[in-house]
Amino acid sequence: MGDSYKSFDVVVIGGGPSGLALSLVLRRHTSLSVAVIEKTTYDMQRVGETLSPGTQSLLHYLGVWDSFKSSGHLTSFGSSASWGTGDLTTRDFISTPYGNGWHLDRRRFDETLARHSEEAGVLILRDAVARCYPQAKGGWKVEAKGRIVYSQIEAPFLVDATGVTATVARCAGARRQVVDRMVGVSATIEFPEQAPSDTFTLVEAFEFGWLYSARLPGLRAIVVLMTDPDLVRAHGWANLERLWAVLRTSPHIWNRVKTGRPTGPPRVFPTFSAYLNPVYGRDWIAVGDAAASYDPLSSSGIARALDSGIRGARALHRHLYLHQPDEFAAHNRYIQTSYSEYLEQRHRYYAMERRWPSSPFWVRRHRMHQMPEDHRPLWRTDYLPARLKDQLPEIGNGGM
């Protein structure tokens with residue numbers, strides 16, 4: 001591509017499940033050209049996640065179901081939780097219409113989506129960082145730069161699939177409404193001889209948060225401590241020995257991991273709940289965690305990401321190709337209404353755990369968060385380039 005600009009109808013910033021789902025739908029069901037800029041090469045280990053049985057309908061729709069089945073993801077037959085009581089309660093997936101779930105190898109899962117996207121005609125620029133330059137008359141110029149990649153792209157439309165950072169949307173003026181600041185502290189466990197036979201997802205509450213554990217393919221498992229950043233700092237849980245000490249005091253988690261050994265130091269990553277308002281502008285739309293991120297307790301992160309990408313692609317096609325100007329406003333209302341319902345459900349789940357009433361983590365979780373009733377978009381002008389500030393009323397109207 002050199003110094004000249006290559007043109008695409010849509011450029012997606014972020015090649016995770018939501019961005020790739022959107023790209024796949026656009027290429028398979030429209031004539032729009034799509035490029036994806038992804039900062040990794042899909043060869044890094046990522047935190048695993050349990051995929052619920054019902055997600056297979058989304059995988060069928062995306063046309064990746066057969067590849068998914070043959071990718072070696074570990075079958076999950078249910079979930080167990082010690083929540084509100086020290087006893088363990090079990091839910092078996094056999095009672096659902098779809099049967100079993102899966103413990104994902106996230107690296108392999110994302111690779112599968114990327115391969116199918118490329119086969120459908122999506123250009124994926126790996127190991128590249130995107131710099132996006134809004135144009136005064138609309139549209140974008142995008143620079144993708146990495147160790148072996150340098151591309152310049154023009155596109156009338158940009159998709160923000162950058163995850164919880166929502167980089168594109170915030171730079172375009174949308175406001176990120178943060179519900180909490182929760183983080184995860186994860187460690188991968190390797191078992192020298194035999195992994196636990198129990199493949200259920202395991203959740204266990206403790207005084208300053210909760211713990212999650214799931215099997216991974218091979219002789220491995222993952223364990224994640226969910227809490228707030230100030231508590232991680234206060235207790236030193238980014239240190240492996242201190243994290244291990246917490247596991248020893250959590251009987252159900254410890255019973256699963258006690259024969260294993262950590263493969264490396266803990267990794268701290270954001271898991272906070274937040275939503276974007278609005279999720280679109282004149283020439284951009286946000287999907288996945290960039291649009292709305294959810295508490296891992298909901299066990300629906302990947303499914304929500306795929307669904308968000310699919311819905312975003314439909315809205316984008318109707319807006320760009322069918323010239324339906326109110327489509328983005330309707331999509332925004334859907335996201336906001338769904339998130340309001342999620343917040344109510346989240347409050348009910350956390351309200352069930354009352355064993356540590358003075359713990360700062362649980363005090364914060366027992367507060368009820370609510371969405372603004374009218375869901376009006378909230379804009380900030382301080383993020384906008386000066387040349388775009390006078391265009392804000394036009395961008396902000398969007399059929400609201």
# chains A, B, ... in the order shown; residues from 1 in each chain; ligands from 1
call {"tool": "select_by_dssp", "arguments": {"residues": "stretch 44-210 of chain A", "states": "strand (DSSP E or B)", "output": "ChimeraX atom specification"}}
result
/A:50-51,74-76,78-82,89-92,101-103,123-125,128-134,140-146,150-155,157-160,174-178,183-190,201-206,209-210
call {"tool": "residues_around", "arguments": {"residues": "A:Thr112", "least_positions_apart": "6", "cutoff": "12 Å", "atoms": "only C-alpha atoms", "output": "PyMOL selection string"}}
result
chain A and resi 15-17+20-21+24+42-43+59+62-73+104-106+118-119
call {"tool": "closest_atom_pairs", "arguments": {"of": "stretch 132-223 of chain A", "to": "stretch 344-362 of chain A", "cutoff": "9 Å", "atoms": "only C-alpha atoms", "output": "Markdown table"}}
result
| residue | atom | partner | partner_atom | distance |
| --- | --- | --- | --- | --- |
| A:Ala205 | CA | A:Glu353 | CA | 8.0 |
| A:Phe206 | CA | A:Trp356 | CA | 8.3 |
| A:Glu207 | CA | A:Trp356 | CA | 5.9 |
| A:Phe208 | CA | A:Phe361 | CA | 5.5 |
| A:Gly209 | CA | A:Phe361 | CA | 6.1 |
call {"tool": "write_last_selection", "arguments": {"atoms": "C-alpha atoms", "output": "PDB file, in the first residue's frame"}}
result
ATOM      1  CA  ALA A 205     -17.153 -15.705  46.907  1.00  0.00           C
ATOM      2  CA  PHE A 206     -14.727 -14.497  49.568  1.00  0.00           C
ATOM      3  CA  GLU A 207     -14.436 -11.429  51.801  1.00  0.00           C
ATOM      4  CA  PHE A 208     -12.954  -9.070  49.217  1.00  0.00           C
ATOM      5  CA  GLY A 209     -14.419 -10.342  45.963  1.00  0.00           C
TER       6      GLY A 209
END
call {"tool": "residues_around", "arguments": {"residues": "A:Ile222", "least_positions_apart": "4", "cutoff": "9 Å", "atoms": "only C-alpha atoms", "output": "ChimeraX atom specification"}}
result
/A:47-48,186-190,212-216,257
call {"tool": "write_last_selection", "arguments": {"atoms": "N, CA and C atoms", "output": "PDB file, in the first residue's frame"}}
result
ATOM      1  N   VAL A  47      -6.966 -14.911  28.383  1.00  0.00           N
ATOM      2  CA  VAL A  47      -7.735 -15.489  29.485  1.00  0.00           C
ATOM      3  C   VAL A  47      -8.892 -16.295  28.921  1.00  0.00           C
ATOM      4  N   GLY A  48      -9.008 -17.551  29.360  1.00  0.00           N
ATOM      5  CA  GLY A  48     -10.076 -18.404  28.870  1.00  0.00           C
ATOM      6  C   GLY A  48     -11.429 -17.969  29.385  1.00  0.00           C
ATOM      7  N   SER A 186      -5.372 -12.957  37.186  1.00  0.00           N
ATOM      8  CA  SER A 186      -5.455 -14.323  36.686  1.00  0.00           C
ATOM      9  C   SER A 186      -4.122 -15.054  36.777  1.00  0.00           C
ATOM     10  N   ALA A 187      -4.216 -16.354  36.933  1.00  0.00           N
ATOM     11  CA  ALA A 187      -3.040 -17.222  36.901  1.00  0.00           C
ATOM     12  C   ALA A 187      -3.426 -18.516  36.192  1.00  0.00           C
ATOM     13  N   THR A 188      -2.544 -18.986  35.346  1.00  0.00           N
ATOM     14  CA  THR A 188      -2.742 -20.281  34.687  1.00  0.00           C
ATOM     15  C   THR A 188      -2.058 -21.357  35.518  1.00  0.00           C
ATOM     16  N   ILE A 189      -2.784 -22.431  35.773  1.00  0.00           N
ATOM     17  CA  ILE A 189      -2.296 -23.525  36.612  1.00  0.00           C
ATOM     18  C   ILE A 189      -2.011 -24.733  35.730  1.00  0.00           C
ATOM     19  N   GLU A 190      -0.868 -25.357  35.930  1.00  0.00           N
ATOM     20  CA  GLU A 190      -0.529 -26.572  35.188  1.00  0.00           C
ATOM     21  C   GLU A 190      -0.410 -27.732  36.164  1.00  0.00           C
ATOM     22  N   TYR A 212     -12.881 -17.311  40.353  1.00  0.00           N
ATOM     23  CA  TYR A 212     -13.417 -18.077  39.224  1.00  0.00           C
ATOM     24  C   TYR A 212     -12.362 -19.079  38.790  1.00  0.00           C
ATOM     25  N   SER A 213     -12.788 -20.294  38.487  1.00  0.00           N
ATOM     26  CA  SER A 213     -11.857 -21.298  37.988  1.00  0.00           C
ATOM     27  C   SER A 213     -12.527 -22.132  36.901  1.00  0.00           C
ATOM     28  N   ALA A 214     -11.749 -22.465  35.892  1.00  0.00           N
ATOM     29  CA  ALA A 214     -12.249 -23.309  34.807  1.00  0.00           C
ATOM     30  C   ALA A 214     -11.086 -24.113  34.242  1.00  0.00           C
ATOM     31  N   ARG A 215     -11.390 -25.293  33.765  1.00  0.00           N
ATOM     32  CA  ARG A 215     -10.388 -26.109  33.083  1.00  0.00           C
ATOM     33  C   ARG A 215     -10.042 -25.501  31.728  1.00  0.00           C
ATOM     34  N   LEU A 216      -8.818 -25.759  31.288  1.00  0.00           N
ATOM     35  CA  LEU A 216      -8.368 -25.411  29.948  1.00  0.00           C
ATOM     36  C   LEU A 216      -7.945 -26.694  29.242  1.00  0.00           C
ATOM     37  N   VAL A 257      -7.277 -26.694  42.630  1.00  0.00           N
ATOM     38  CA  VAL A 257      -5.969 -26.298  42.089  1.00  0.00           C
ATOM     39  C   VAL A 257      -4.780 -26.739  42.938  1.00  0.00           C
TER      40      VAL A 257
END
call {"tool": "select_by_dssp", "arguments": {"residues": "stretch 99-322 of chain A", "states": "helix (DSSP H, G or I)", "output": "count of residues only"}}
result
71
call {"tool": "atom_distance", "arguments": {"atom1": "atom CA of A:Arg314", "atom2": "atom CA of A:Phe328"}}
result
10.0 Å
call {"tool": "residues_around", "arguments": {"residues": "A:Gly309", "least_positions_apart": "6", "cutoff": "6 Å", "atoms": "only C-alpha atoms", "output": "mmCIF file with N, CA and C atoms, in the first residue's frame"}}
result
data_model
loop_
_atom_site.group_PDB
_atom_site.id
_atom_site.type_symbol
_atom_site.label_atom_id
_atom_site.label_comp_id
_atom_site.auth_asym_id
_atom_site.auth_seq_id
_atom_site.Cartn_x
_atom_site.Cartn_y
_atom_site.Cartn_z
ATOM 1 N N SER A 18 -16.128 -9.494 18.703
ATOM 2 C CA SER A 18 -17.161 -8.574 18.208
ATOM 3 C C SER A 18 -16.779 -7.986 16.857
ATOM 4 N N ALA A 21 -16.945 -10.777 14.203
ATOM 5 C CA ALA A 21 -18.330 -11.153 13.901
ATOM 6 C C ALA A 21 -18.959 -10.117 12.978
ATOM 7 N N LEU A 22 -18.761 -8.835 13.282
ATOM 8 C CA LEU A 22 -19.288 -7.781 12.405
ATOM 9 C C LEU A 22 -18.716 -7.901 11.002
ATOM 10 N N VAL A 287 -18.956 -1.562 18.977
ATOM 11 C CA VAL A 287 -19.525 -2.887 19.232
ATOM 12 C C VAL A 287 -18.726 -3.572 20.336
#
call {"tool": "atom_distance", "arguments": {"atom1": "atom CA of A:Val203", "atom2": "atom CA of A:Ile335"}}
result
27.6 Å
call {"tool": "closest_residue", "arguments": {"among": "A:Ala292, A:Thr40, A:Pro266, A:Leu240", "to": "A:Thr337", "atoms": "only C-alpha atoms"}}
result
A:Ala292
call {"tool": "residues_around", "arguments": {"residues": "A:Thr41", "least_positions_apart": "5", "cutoff": "12 Å", "atoms": "only C-alpha atoms", "output": "ChimeraX atom specification"}}
result
/A:14-16,46,107-108,110-111,114,124-129,146-149
call {"tool": "closest_residue", "arguments": {"among": "A:Phe269, A:Ser23, A:Asp326, A:Ser250", "to": "A:His116", "atoms": "only C-alpha atoms"}}
result
A:Ser23
call {"tool": "atom_distance", "arguments": {"atom1": "atom CA of A:Trp237", "atom2": "atom CA of A:Leu202"}}
result
19.8 Å
call {"tool": "residues_around", "arguments": {"residues": "stretch 194-200 of chain A", "least_positions_apart": "3", "cutoff": "6 Å", "atoms": "only C-alpha atoms", "output": "ChimeraX atom specification"}}
result
/A:76-79,191,215,219
call {"tool": "closest_atom_pairs", "arguments": {"of": "stretch 282-346 of chain A", "to": "stretch 161-183 of chain A", "cutoff": "8 Å", "atoms": "only C-alpha atoms", "output": "Markdown table"}}
result
| residue | atom | partner | partner_atom | distance |
| --- | --- | --- | --- | --- |
| A:Trp284 | CA | A:Ala169 | CA | 7.6 |
| A:Ile285 | CA | A:Ala169 | CA | 7.6 |
| A:Ala286 | CA | A:Ala161 | CA | 6.1 |
| A:Val287 | CA | A:Ala161 | CA | 5.5 |
| A:Gly288 | CA | A:Ala161 | CA | 6.2 |
| A:Asp289 | CA | A:Gly163 | CA | 4.5 |
| A:Ala290 | CA | A:Ala166 | CA | 4.4 |
| A:Ala291 | CA | A:Ala166 | CA | 7.3 |
| A:Ala292 | CA | A:Val164 | CA | 7.8 |
| A:Ser293 | CA | A:Val164 | CA | 6.6 |
call {"tool": "decode", "arguments": {"residues": "stretch 214-273 of chain A", "atoms": "C-alpha atoms", "output": "compact mmCIF listing (two decimals), in the first residue's frame"}}
result
# COMPACT_ATOMS: atom_id res chain seq x y z
CA ALA A 214 -12.25 -23.31 34.81
CA ARG A 215 -10.39 -26.11 33.08
CA LEU A 216 -8.37 -25.41 29.95
CA PRO A 217 -7.37 -27.90 27.21
CA GLY A 218 -4.53 -30.17 28.28
CA LEU A 219 -3.30 -30.39 31.85
CA ARG A 220 -4.16 -26.78 32.64
CA ALA A 221 -6.73 -24.65 34.42
CA ILE A 222 -7.22 -20.96 34.99
CA VAL A 223 -8.07 -19.20 38.22
CA VAL A 224 -9.09 -15.52 38.41
CA LEU A 225 -9.56 -13.32 41.47
CA MET A 226 -12.20 -10.63 40.83
CA THR A 227 -11.96 -7.53 43.01
CA ASP A 228 -11.29 -3.76 42.93
CA PRO A 229 -7.94 -2.14 42.04
CA ASP A 230 -7.46 -0.53 45.45
CA LEU A 231 -7.89 -3.93 47.11
CA VAL A 232 -5.35 -5.52 44.75
CA ARG A 233 -2.84 -2.86 45.78
CA ALA A 234 -3.69 -3.05 49.49
CA HIS A 235 -3.34 -6.85 49.65
CA GLY A 236 -0.60 -7.28 47.06
CA TRP A 237 -2.53 -9.84 45.01
CA ALA A 238 -0.52 -9.09 41.88
CA ASN A 239 2.19 -11.05 43.72
CA LEU A 240 1.93 -14.78 43.09
CA GLU A 241 2.57 -15.86 46.70
CA ARG A 242 -0.14 -13.56 48.05
CA LEU A 243 -2.59 -14.67 45.37
CA TRP A 244 -1.82 -18.29 46.21
CA ALA A 245 -2.50 -17.55 49.90
CA VAL A 246 -6.02 -16.37 49.02
CA LEU A 247 -6.66 -19.58 47.10
CA ARG A 248 -5.64 -21.64 50.15
CA THR A 249 -8.35 -19.94 52.23
CA SER A 250 -11.07 -20.67 49.62
CA PRO A 251 -11.87 -24.36 50.14
CA HIS A 252 -13.67 -25.16 46.88
CA ILE A 253 -11.17 -23.41 44.60
CA TRP A 254 -8.23 -24.79 46.57
CA ASN A 255 -9.53 -28.33 46.31
CA ARG A 256 -9.39 -27.96 42.52
CA VAL A 257 -5.97 -26.30 42.09
CA LYS A 258 -3.92 -27.59 45.04
CA THR A 259 -2.08 -30.25 43.01
CA GLY A 260 -1.14 -27.76 40.30
CA ARG A 261 1.56 -25.16 39.89
CA PRO A 262 1.31 -21.65 38.40
CA THR A 263 2.98 -21.30 35.00
CA GLY A 264 3.95 -17.66 35.52
CA PRO A 265 3.22 -14.44 37.41
CA PRO A 266 -0.38 -13.20 37.77
CA ARG A 267 -1.82 -10.88 35.16
CA VAL A 268 -4.09 -7.98 36.11
CA PHE A 269 -6.69 -6.91 33.55
CA PRO A 270 -9.85 -4.75 33.55
CA THR A 271 -13.24 -6.43 34.00
CA PHE A 272 -15.32 -3.38 34.89
CA SER A 273 -18.91 -2.75 33.92
